[in-house]
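Asks: Following this message is one structure expressed as structure tokens.
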Amino acid sequence: MTHGELVSKAMAWLVGKQRCSVAVSEFVSSGMETPDAIGWYGWHTILVEAKISMSDFIADKKKAFRIYPKNGMGAKRYFIVPEELVEKVLQILPDKWGLLYPKGRSIIIVKYSENFADRNQTQEAGILLSIIRRMSDMNRPIQGLGVKWYQPLHHYDHVPRAELYVDPETDSQATGGSTTFNDVKG
């Protein structure tokens, strides 16, 4: 199993079983951590890190946001590994972390994550802000980003309930003109 396959299964688990309304994988932003997969269920976040080998898993422990867990993202944090690594990883799993592995089309939860009350919510919000800024540049869509638009309650209610405006001139990564979403259709 490849790293990419583990990440894809983690994303399906976040959006499906964990009911995350927003989930991204390997999303690079200005923060120091680039999660393999992270999802939001309201303000609750679930981080999933994919590891395909023991050396990959052990190397992860050296990252600053693993040494100091309050600097990491995720109210819940999981590793997803191939089934053959489960027993080895379980023996040295960091405190509070959960463990997952894919089996067919399912994700097996070997150990549930405990809650990380102290976490880097600023970086979590930074990822969401970066997503919004990048969405404003319609000439450069984000591959793998899915957006759900909520339908009006009544068929005659066609007026948008919110307007999203992003000024890419204030974002050094964006190019092109500003975009205002006035007529959103689901």
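All residue names refer to the structure tokens as shown: chains lettered A, B, ... in order, residues numbered from 1 in each chain, ligands numbered from 1 in order.
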Give me, as a ChimeraX atom specification, all polymer residues having an atom no more than 6 Å from range 3-20 of chain A, counting only C-alpha atoms and skipping those fewer than 3 positions away in the same chain.
Replies: /A:39-41,50
Asks: Please write the residues from the selection above to a file, keeping N, CA and C atoms, as a compact mmCIF listing (two decimals), in the first residue's frame.
Replies:
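Resulting contents of again_18.txt:
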# COMPACT_ATOMS: atom_id res chain seq x y z
N GLY A 39 -9.65 17.06 8.98
CA GLY A 39 -11.05 17.36 8.73
C GLY A 39 -11.66 18.15 9.86
N TRP A 40 -12.69 18.94 9.53
CA TRP A 40 -13.41 19.75 10.50
C TRP A 40 -14.84 19.27 10.60
N TYR A 41 -15.26 19.04 11.82
CA TYR A 41 -16.66 18.75 12.14
C TYR A 41 -17.05 19.86 13.11
N ALA A 50 -0.43 9.49 7.74
CA ALA A 50 -0.21 8.20 7.08
C ALA A 50 1.26 7.81 7.15
Asks: Mind checking which residues fall within 12 Å of range 63-73 of chain A, counting only C-alpha atoms, ignoring those fewer than 3 positions away in the same chain, and posting them as number ranges by chain?
Replies: A: 31-40, 44-49, 56-60, 76-78, 93-97, 115-127
Asks: What does the distance from CA of Ser53 in chain A to CA of Lys103 in chain A come to in Å, to one decimal?
Replies: 17.1 Å
Asks: With distances taken over only C-alpha atoms, which of A:Ala75, A:Ile108, A:Val89, A:Ile80 is nearest to Lys51 in chain A?
Replies: A:Ile80
Asks: Can you measure CA of Pro102 in chain A to CA of Ser55 in chain A for me? One decimal in Å is fine.
Replies: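 Computing it gives 19.5 Å between the two atoms.
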Asks: As an exercise, work out the distance from CA of Lys111 in chain A to CA of Ser29 in chain A in Å and give it to one decimal place.
Replies: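 Rounded to one decimal, the two atoms are 29.4 Å apart.
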Asks: Enumerate as a VMD selection string all residues of range 22-96 of chain A assigned to strand (DSSP E) by DSSP on the backbone, naming them with the chain letters and numbers the document uses.
Replies: chain A and resid 22 to 25 37 to 41 44 to 50 76 to 80
